[in-house]
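Asker: Pasting my_file-v9.tsv here (TSV, C-alpha atoms):
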```tsv
chain	number	residue	atom	x	y	z
B	1	MET	CA	-29.42	47.33	29.97
B	2	LYS	CA	-31.43	44.37	28.66
B	3	LEU	CA	-30.30	42.52	25.54
B	4	PHE	CA	-32.86	41.68	22.84
B	5	LEU	CA	-32.39	39.79	19.60
B	6	ASP	CA	-33.68	41.40	16.40
B	7	THR	CA	-34.73	38.36	14.40
B	8	ALA	CA	-37.59	36.01	13.58
B	9	SER	CA	-35.36	32.93	13.28
B	10	ILE	CA	-36.41	30.27	15.76
B	11	ASP	CA	-32.97	28.64	15.63
B	12	GLU	CA	-31.18	31.92	16.39
B	13	ILE	CA	-33.56	32.68	19.24
B	14	LYS	CA	-33.11	29.23	20.77
B	15	GLU	CA	-29.33	29.51	20.63
B	16	ALA	CA	-29.30	33.00	22.13
B	17	ALA	CA	-31.82	32.06	24.83
B	18	ALA	CA	-29.63	29.12	25.86
B	19	THR	CA	-26.92	31.58	26.97
B	20	GLY	CA	-29.17	32.86	29.75
B	21	VAL	CA	-28.65	36.55	28.89
B	22	LEU	CA	-31.41	37.09	26.31
B	23	SER	CA	-34.27	39.18	27.69
B	24	GLY	CA	-36.53	39.65	24.66
B	25	VAL	CA	-37.00	39.61	20.89
B	26	THR	CA	-37.99	42.18	18.30
B	27	THR	CA	-39.35	41.22	14.89
B	28	ASN	CA	-40.55	43.17	11.89
B	29	PRO	CA	-42.24	42.30	8.57
B	30	THR	CA	-38.90	42.07	6.76
B	31	LEU	CA	-37.49	39.59	9.27
B	32	ALA	CA	-40.72	37.59	9.34
B	33	SER	CA	-40.75	37.32	5.53
B	34	ARG	CA	-37.45	35.40	5.63
B	35	GLU	CA	-38.96	32.56	7.68
B	36	LYS	CA	-41.23	29.83	6.31
B	37	MET	CA	-43.86	30.02	9.06
B	38	GLU	CA	-47.32	31.49	9.40
B	39	PHE	CA	-46.92	34.78	11.25
B	40	ARG	CA	-49.09	34.16	14.32
B	41	SER	CA	-47.63	30.68	14.77
B	42	MET	CA	-44.14	32.16	14.55
B	43	ILE	CA	-44.85	34.79	17.22
B	44	SER	CA	-46.47	32.16	19.43
B	45	GLU	CA	-43.42	29.90	19.20
B	46	ILE	CA	-41.02	32.76	19.91
B	47	CYS	CA	-43.09	33.67	22.97
B	48	SER	CA	-42.80	30.09	24.19
B	49	ILE	CA	-38.99	30.28	23.99
B	50	VAL	CA	-38.50	33.76	25.46
B	51	SER	CA	-40.33	34.78	28.62
B	52	GLY	CA	-39.56	38.46	28.07
B	53	PRO	CA	-41.17	40.91	25.62
B	54	VAL	CA	-41.63	39.81	22.01
B	55	SER	CA	-42.44	42.58	19.54
B	56	ALA	CA	-44.85	41.83	16.69
B	57	GLU	CA	-45.54	44.58	14.17
B	58	CYS	CA	-48.79	45.94	12.78
B	59	VAL	CA	-49.01	46.36	9.00
B	60	GLY	CA	-52.20	48.43	8.82
B	61	LYS	CA	-51.99	52.01	7.59
B	62	THR	CA	-54.76	53.70	9.57
B	63	ARG	CA	-55.16	54.06	13.33
B	64	ASP	CA	-58.28	51.90	13.28
B	65	GLU	CA	-56.56	49.15	11.31
B	66	MET	CA	-53.57	49.20	13.65
B	67	LEU	CA	-55.75	49.15	16.75
B	68	GLU	CA	-57.68	46.15	15.45
B	69	GLU	CA	-54.41	44.36	14.69
B	70	ALA	CA	-53.00	45.27	18.10
B	71	ARG	CA	-55.93	43.69	19.87
B	72	SER	CA	-55.51	40.51	17.83
B	73	LEU	CA	-51.74	40.30	18.26
B	74	ALA	CA	-51.95	40.89	22.01
B	75	GLU	CA	-54.11	37.77	22.29
B	76	ILE	CA	-51.29	35.51	21.03
B	77	ALA	CA	-49.38	35.56	24.33
B	78	GLU	CA	-49.04	37.67	27.44
B	79	ASN	CA	-45.52	38.80	26.52
B	80	VAL	CA	-46.42	40.19	23.09
B	81	VAL	CA	-45.63	43.87	22.60
B	82	VAL	CA	-47.27	45.38	19.53
B	83	LYS	CA	-45.07	47.45	17.23
B	84	MET	CA	-46.61	50.53	15.63
B	85	PRO	CA	-44.85	52.93	13.25
B	86	MET	CA	-44.12	56.52	14.20
B	87	GLY	CA	-46.47	58.99	12.51
B	88	GLU	CA	-49.83	60.57	13.19
B	89	GLU	CA	-51.77	57.36	12.61
B	90	GLY	CA	-49.34	55.25	14.61
B	91	VAL	CA	-49.24	57.66	17.55
B	92	ALA	CA	-53.05	57.87	17.64
B	93	ALA	CA	-53.29	54.07	17.54
B	94	CYS	CA	-50.66	53.81	20.27
B	95	ALA	CA	-52.59	56.16	22.54
B	96	LYS	CA	-55.77	54.12	22.15
B	97	ALA	CA	-54.04	50.76	22.52
B	98	SER	CA	-52.08	51.91	25.56
B	99	ALA	CA	-55.31	53.13	27.17
B	100	GLU	CA	-56.67	49.60	26.71
B	101	GLY	CA	-53.64	48.11	28.46
B	102	ILE	CA	-51.91	46.87	25.31
B	103	LYS	CA	-48.13	47.33	25.40
B	104	VAL	CA	-46.85	49.20	22.36
B	105	ASN	CA	-43.37	49.43	20.86
B	106	MET	CA	-43.31	52.67	18.88
B	107	THR	CA	-40.91	51.93	16.05
B	108	LEU	CA	-39.07	53.90	13.36
B	109	VAL	CA	-38.20	56.73	15.73
B	110	PHE	CA	-35.41	58.94	14.41
B	111	SER	CA	-35.62	62.16	16.43
B	112	PRO	CA	-36.13	63.39	20.01
B	113	ASN	CA	-39.40	65.05	18.96
B	114	GLN	CA	-40.73	61.71	17.75
B	115	ALA	CA	-39.58	60.11	21.00
B	116	ILE	CA	-41.55	62.71	22.98
B	117	LEU	CA	-44.68	61.88	20.97
B	118	ALA	CA	-44.19	58.17	21.65
B	119	ALA	CA	-43.90	58.75	25.39
B	120	GLU	CA	-46.90	61.08	25.47
B	121	ALA	CA	-48.94	58.42	23.67
B	122	GLY	CA	-48.09	55.95	26.42
B	123	ALA	CA	-45.74	53.70	24.45
B	124	TYR	CA	-44.10	50.92	26.45
B	125	PHE	CA	-40.98	51.00	24.25
B	126	CYS	CA	-39.57	53.73	22.04
B	127	SER	CA	-37.34	52.20	19.35
B	128	ALA	CA	-34.66	54.63	18.16
B	129	PHE	CA	-33.05	53.42	14.92
B	130	LEU	CA	-29.43	54.42	15.42
B	131	GLY	CA	-27.70	52.68	12.53
B	132	ARG	CA	-30.13	54.13	10.01
B	133	ILE	CA	-29.49	57.62	11.40
B	134	ASP	CA	-25.76	57.04	10.89
B	135	ASP	CA	-26.50	55.95	7.32
B	136	ILE	CA	-27.73	59.43	6.38
B	137	GLY	CA	-24.72	61.18	7.87
B	138	TRP	CA	-26.10	62.08	11.31
B	139	HIS	CA	-24.93	60.76	14.67
B	140	GLY	CA	-27.33	58.12	15.94
B	141	MET	CA	-25.76	58.03	19.39
B	142	ASP	CA	-26.27	61.79	19.78
B	143	VAL	CA	-29.97	61.28	19.13
B	144	LEU	CA	-30.05	58.43	21.64
B	145	ALA	CA	-28.34	60.59	24.28
B	146	GLU	CA	-30.93	63.35	23.79
B	147	ILE	CA	-33.83	60.90	24.09
B	148	VAL	CA	-32.42	59.35	27.27
B	149	GLU	CA	-31.89	62.82	28.78
B	150	ILE	CA	-35.38	64.02	27.87
B	151	TYR	CA	-37.05	60.93	29.26
B	152	ALA	CA	-35.12	61.26	32.53
B	153	ASN	CA	-35.88	64.97	32.87
B	154	GLN	CA	-39.58	64.52	32.11
B	155	GLY	CA	-40.06	61.38	34.19
B	156	TYR	CA	-41.40	59.37	31.26
B	157	THR	CA	-41.84	55.67	31.97
B	158	THR	CA	-41.47	54.66	28.32
B	159	LYS	CA	-38.36	52.50	27.94
B	160	VAL	CA	-35.69	53.56	25.46
B	161	LEU	CA	-34.89	50.75	23.05
B	162	ALA	CA	-31.74	51.19	20.98
B	163	ALA	CA	-32.39	49.56	17.60
B	164	SER	CA	-30.66	49.21	14.24
B	165	LEU	CA	-27.39	48.31	15.96
B	166	ARG	CA	-24.71	47.27	13.48
B	167	HIS	CA	-21.79	46.13	15.66
B	168	PRO	CA	-20.79	45.51	19.31
B	169	LEU	CA	-19.55	49.09	19.73
B	170	HIS	CA	-23.10	50.28	19.14
B	171	VAL	CA	-24.21	48.05	22.03
B	172	THR	CA	-21.47	49.42	24.31
B	173	GLU	CA	-22.32	53.03	23.46
B	174	ALA	CA	-26.04	52.44	23.96
B	175	ALA	CA	-25.34	51.03	27.41
B	176	ARG	CA	-23.01	53.90	28.26
B	177	LEU	CA	-25.65	56.46	27.29
B	178	GLY	CA	-28.34	54.82	29.40
B	179	ALA	CA	-30.58	52.95	26.96
B	180	ASP	CA	-32.92	50.52	28.72
B	181	ILE	CA	-32.66	47.91	25.97
B	182	ALA	CA	-30.44	47.12	23.00
B	183	THR	CA	-31.82	44.94	20.22
B	184	MET	CA	-29.41	43.50	17.70
B	185	PRO	CA	-28.99	40.97	14.90
B	186	PHE	CA	-27.79	37.50	15.87
B	187	GLU	CA	-24.31	38.07	14.41
B	188	VAL	CA	-23.81	41.17	16.59
B	189	PHE	CA	-24.96	39.22	19.66
B	190	LYS	CA	-22.44	36.47	18.89
B	191	LYS	CA	-19.61	38.98	18.42
B	192	MET	CA	-20.18	40.35	21.92
B	193	PHE	CA	-18.71	37.15	23.35
B	194	LYS	CA	-15.51	37.40	21.33
B	195	HIS	CA	-12.16	39.01	22.09
B	196	PRO	CA	-8.78	37.85	20.74
B	197	LEU	CA	-7.15	38.04	24.18
B	198	THR	CA	-9.87	35.81	25.62
B	199	ASP	CA	-9.19	33.21	22.92
B	200	ILE	CA	-5.43	33.42	23.48
B	201	GLY	CA	-5.83	33.20	27.25
B	202	ALA	CA	-8.19	30.21	27.09
B	203	GLU	CA	-5.84	28.34	24.74
B	204	ARG	CA	-2.84	29.10	26.98
B	205	PHE	CA	-4.65	27.89	30.11
B	206	LEU	CA	-5.62	24.67	28.34
B	207	GLN	CA	-2.07	24.05	27.14
B	208	ASP	CA	-0.68	24.68	30.63
B	209	TRP	CA	-3.27	22.35	32.15
B	210	GLU	CA	-2.38	19.56	29.73
B	211	LYS	CA	1.33	20.10	30.44
B	212	TYR	CA	0.60	19.95	34.19
B	213	GLN	CA	-1.36	16.71	33.81
B	214	ARG	CA	1.48	15.09	31.86
B	215	ALA	CA	3.96	16.13	34.55
B	216	ILE	CA	1.79	14.64	37.29
B	217	THR	CA	1.08	11.35	35.55
B	218	GLY	CA	4.52	11.04	33.98
B	219	ALA	CA	2.97	10.43	30.58
```
Take the structure in the file and give it back as structure tokens.
Answerer:
Amino acid sequence: MKLFLDTASIDEIKEAAATGVLSGVTTNPTLASREKMEFRSMISEICSIVSGPVSAECVGKTRDEMLEEARSLAEIAENVVVKMPMGEEGVAACAKASAEGIKVNMTLVFSPNQAILAAEAGAYFCSAFLGRIDDIGWHGMDVLAEIVEIYANQGYTTKVLAASLRHPLHVTEAARLGADIATMPFEVFKKMFKHPLTDIGAERFLQDWEKYQRAITGA
């Protein structure tokens, strides 16, 4: 499973990319609004940091508006994937854009039926929002499991992207269920590195090494 960062912060992306395990970035209008950069310049810079897919979202409401935006966004860099919202207009725009060779991330997917529509429209990614499903009292991971099973049974090539992940356990469960990608906030990415036993073990090894060095040198 590939690990993506869900952010528009250049600093966060640079730090995550430096670990060597970041495969892509997803952004949305809310995340972009927090940064003090012109949108196209922001996407261009992110694409220069990350060689993998970078999702940039359409804000148009009609299929024609979204398709026009998609064509423009796809020109920013080769690794741009255009995000379009689930719904009749978004699915229609996705089908047209995909037919033109534009990679589409169908976003705001909350059900297996919506995931089927995304795949039939030729979406490159299907973003299932798991945390938001949990928020309304359903089981997001159950929805993810159904989507993964359907895609496997039907032979869809659309990649399942687990989104709206709130903590490292969400990442683990998404991987266990067979998601192709997990996208997460920077703080969740950072927490994946942490475990109290790792910290204790590293400190113990360092103390033992220093004790060993003192014994050898007689200091």
Asker: Could you tell me which of B:Ile102, B:Ala202, B:Leu3, B:Ala18 comes closest to Val188 of chain B if we count all atoms listed in the file?
Answerer: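 Using all atoms listed in the file, Val188 of chain B sits closest to B:Leu3.
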Asker: Neighbouring residues of His170 of chain B were defined as those with any atom within 10 Å, considering all atoms listed in the file; residues of the same chain fewer than 5 positions away were excluded. Please report them as a list of chain:residue names.
Answerer: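 The residues satisfying every condition are B:Leu130, B:Gly131, B:Gly140, B:Met141, B:Ala162, B:Ala163, B:Ser164, B:Leu165, B:Ala175, B:Arg176, B:Ala182, B:Met184, B:Val188.
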Asker: Kindly export the residues of the current selection with C-alpha atoms, as a short mmCIF file (atom, residue, chain, number, x, y, z; two decimals), in the coordinates of the input.
Answerer:
```
data_model
loop_
_atom_site.label_atom_id
_atom_site.label_comp_id
_atom_site.auth_asym_id
_atom_site.auth_seq_id
_atom_site.Cartn_x
_atom_site.Cartn_y
_atom_site.Cartn_z
CA LEU B 130 -29.43 54.42 15.42
CA GLY B 131 -27.70 52.68 12.53
CA GLY B 140 -27.33 58.12 15.94
CA MET B 141 -25.76 58.03 19.39
CA ALA B 162 -31.74 51.19 20.98
CA ALA B 163 -32.39 49.56 17.60
CA SER B 164 -30.66 49.21 14.24
CA LEU B 165 -27.39 48.31 15.96
CA ALA B 175 -25.34 51.03 27.41
CA ARG B 176 -23.01 53.90 28.26
CA ALA B 182 -30.44 47.12 23.00
CA MET B 184 -29.41 43.50 17.70
CA VAL B 188 -23.81 41.17 16.59
#
```
Asker: Starting from the point (-39.2, 32.1, 26.1), work out which residues of protein, DNA or RNA have an atom no more than 9 Å away when counting only C-alpha atoms; state them as a list in words.
Answerer: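 Applying the cut-off with only C-alpha atoms, one gets Ile13, Lys14, Ala17, Ser23, Gly24, Glu45, Ile46, Cys47, Ser48, Ile49, Val50, Ser51 and Gly52 of chain B.
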Asker: From the options B:Arg63, B:Lys159, B:Lys96, B:Lys191, which residue's atoms come nearest to Val171 of chain B, counting all atoms listed in the file?
Answerer: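 Nearest to Val171 of chain B: B:Lys191.
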Asker: Please compute the atom CA of Asn79 of chain B-atom CA of Asn105 of chain B distance, one decimal, in Å.
Answerer: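 Separation between atom CA of Asn79 of chain B and atom CA of Asn105 of chain B: 12.2 Å.
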Asker: So how many Å separate atom CA of Gly90 of chain B and atom CA of Ala77 of chain B, to one decimal?
Answerer: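 We find that atom CA of Gly90 of chain B and atom CA of Ala77 of chain B lie 22.0 Å from each other.
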Asker: I'd like the interatomic distance between atom CA of Thr26 of chain B and atom CA of Asp6 of chain B, to a tenth of an Å.
Answerer: 4.8 Å
Asker: Please write a file for segment 90-140 of chain B, taken from the block I just shared, that holds N, CA and C atoms and is laid out as a compact mmCIF listing (two decimals), in the first residue's frame.
Answerer:
```
# COMPACT_ATOMS: atom_id res chain seq x y z
N GLY B 90 -20.08 15.14 -11.52
CA GLY B 90 -18.70 14.72 -11.36
C GLY B 90 -18.39 13.44 -12.12
N VAL B 91 -19.30 12.47 -12.07
CA VAL B 91 -19.10 11.21 -12.78
C VAL B 91 -19.07 11.45 -14.29
N ALA B 92 -19.98 12.30 -14.78
CA ALA B 92 -19.99 12.59 -16.22
C ALA B 92 -18.71 13.29 -16.65
N ALA B 93 -18.23 14.21 -15.81
CA ALA B 93 -16.97 14.90 -16.11
C ALA B 93 -15.80 13.93 -16.07
N CYS B 94 -15.83 13.02 -15.10
CA CYS B 94 -14.77 12.01 -14.98
C CYS B 94 -14.70 11.14 -16.23
N ALA B 95 -15.87 10.71 -16.72
CA ALA B 95 -15.89 9.85 -17.90
C ALA B 95 -15.28 10.56 -19.11
N LYS B 96 -15.61 11.83 -19.27
CA LYS B 96 -15.07 12.58 -20.41
C LYS B 96 -13.57 12.83 -20.24
N ALA B 97 -13.17 13.24 -19.03
CA ALA B 97 -11.75 13.51 -18.78
C ALA B 97 -10.92 12.24 -18.93
N SER B 98 -11.42 11.14 -18.40
CA SER B 98 -10.68 9.87 -18.50
C SER B 98 -10.52 9.45 -19.95
N ALA B 99 -11.56 9.69 -20.75
CA ALA B 99 -11.49 9.36 -22.18
C ALA B 99 -10.43 10.19 -22.89
N GLU B 100 -10.13 11.36 -22.34
CA GLU B 100 -9.10 12.23 -22.93
C GLU B 100 -7.71 11.93 -22.37
N GLY B 101 -7.62 10.94 -21.48
CA GLY B 101 -6.33 10.58 -20.92
C GLY B 101 -5.95 11.35 -19.67
N ILE B 102 -6.90 12.10 -19.10
CA ILE B 102 -6.64 12.83 -17.86
C ILE B 102 -6.94 11.90 -16.68
N LYS B 103 -6.00 11.79 -15.76
CA LYS B 103 -6.21 10.95 -14.58
C LYS B 103 -7.09 11.67 -13.58
N VAL B 104 -8.12 10.95 -13.10
CA VAL B 104 -9.10 11.55 -12.20
C VAL B 104 -9.13 10.82 -10.87
N ASN B 105 -9.17 11.59 -9.80
CA ASN B 105 -9.38 11.07 -8.45
C ASN B 105 -10.82 11.41 -8.08
N MET B 106 -11.70 10.41 -8.11
CA MET B 106 -13.10 10.64 -7.74
C MET B 106 -13.18 10.70 -6.23
N THR B 107 -13.54 11.87 -5.70
CA THR B 107 -13.50 12.10 -4.28
C THR B 107 -14.89 12.13 -3.66
N LEU B 108 -14.93 12.15 -2.33
CA LEU B 108 -16.18 12.16 -1.57
C LEU B 108 -17.04 10.94 -1.88
N VAL B 109 -16.38 9.79 -1.88
CA VAL B 109 -17.07 8.51 -2.07
C VAL B 109 -17.36 7.92 -0.69
N PHE B 110 -18.63 7.57 -0.47
CA PHE B 110 -19.04 7.07 0.84
C PHE B 110 -19.76 5.73 0.79
N SER B 111 -19.92 5.16 -0.40
CA SER B 111 -20.65 3.89 -0.49
C SER B 111 -20.08 3.04 -1.62
N PRO B 112 -20.29 1.72 -1.55
CA PRO B 112 -19.86 0.84 -2.64
C PRO B 112 -20.51 1.21 -3.98
N ASN B 113 -21.79 1.62 -3.95
CA ASN B 113 -22.45 2.01 -5.21
C ASN B 113 -21.73 3.18 -5.87
N GLN B 114 -21.35 4.16 -5.05
CA GLN B 114 -20.61 5.30 -5.60
C GLN B 114 -19.26 4.86 -6.14
N ALA B 115 -18.62 3.91 -5.47
CA ALA B 115 -17.33 3.39 -5.93
C ALA B 115 -17.47 2.69 -7.27
N ILE B 116 -18.57 1.98 -7.47
CA ILE B 116 -18.82 1.32 -8.76
C ILE B 116 -18.94 2.37 -9.85
N LEU B 117 -19.68 3.44 -9.58
CA LEU B 117 -19.84 4.51 -10.57
C LEU B 117 -18.49 5.12 -10.93
N ALA B 118 -17.64 5.34 -9.92
CA ALA B 118 -16.32 5.92 -10.17
C ALA B 118 -15.50 5.02 -11.09
N ALA B 119 -15.53 3.73 -10.82
CA ALA B 119 -14.76 2.79 -11.64
C ALA B 119 -15.31 2.72 -13.07
N GLU B 120 -16.63 2.71 -13.20
CA GLU B 120 -17.24 2.65 -14.52
C GLU B 120 -16.95 3.90 -15.34
N ALA B 121 -16.74 5.02 -14.64
CA ALA B 121 -16.42 6.28 -15.33
C ALA B 121 -14.94 6.38 -15.68
N GLY B 122 -14.17 5.37 -15.27
CA GLY B 122 -12.75 5.34 -15.63
C GLY B 122 -11.84 6.09 -14.68
N ALA B 123 -12.30 6.34 -13.46
CA ALA B 123 -11.47 7.06 -12.49
C ALA B 123 -10.16 6.33 -12.24
N TYR B 124 -9.10 7.09 -12.06
CA TYR B 124 -7.79 6.52 -11.74
C TYR B 124 -7.73 6.15 -10.26
N PHE B 125 -8.27 7.03 -9.40
CA PHE B 125 -8.40 6.77 -7.97
C PHE B 125 -9.86 6.89 -7.55
N CYS B 126 -10.23 6.10 -6.58
CA CYS B 126 -11.53 6.24 -5.91
C CYS B 126 -11.24 6.51 -4.45
N SER B 127 -11.56 7.72 -3.98
CA SER B 127 -11.25 8.11 -2.60
C SER B 127 -12.44 7.87 -1.69
N ALA B 128 -12.31 6.83 -0.84
CA ALA B 128 -13.35 6.50 0.13
C ALA B 128 -13.03 7.21 1.44
N PHE B 129 -13.97 8.02 1.94
CA PHE B 129 -13.74 8.85 3.12
C PHE B 129 -14.17 8.10 4.38
N LEU B 130 -13.24 7.37 4.96
CA LEU B 130 -13.56 6.44 6.03
C LEU B 130 -13.89 7.12 7.35
N GLY B 131 -13.09 8.10 7.75
CA GLY B 131 -13.32 8.78 9.01
C GLY B 131 -14.67 9.48 9.04
N ARG B 132 -15.05 10.07 7.93
CA ARG B 132 -16.34 10.77 7.88
C ARG B 132 -17.51 9.78 7.95
N ILE B 133 -17.30 8.57 7.43
CA ILE B 133 -18.34 7.54 7.57
C ILE B 133 -18.49 7.16 9.03
N ASP B 134 -17.35 7.00 9.71
CA ASP B 134 -17.38 6.71 11.15
C ASP B 134 -18.13 7.80 11.91
N ASP B 135 -17.95 9.05 11.48
CA ASP B 135 -18.54 10.18 12.19
C ASP B 135 -20.07 10.13 12.24
N ILE B 136 -20.69 9.47 11.27
CA ILE B 136 -22.15 9.41 11.26
C ILE B 136 -22.67 8.07 11.80
N GLY B 137 -21.76 7.32 12.46
CA GLY B 137 -22.18 6.11 13.14
C GLY B 137 -22.15 4.84 12.31
N TRP B 138 -21.57 4.90 11.11
CA TRP B 138 -21.39 3.70 10.30
C TRP B 138 -19.94 3.23 10.45
N HIS B 139 -19.63 2.10 9.84
CA HIS B 139 -18.28 1.56 9.92
C HIS B 139 -17.54 1.80 8.59
N GLY B 140 -16.63 2.78 8.62
CA GLY B 140 -15.91 3.12 7.40
C GLY B 140 -15.11 1.96 6.84
```
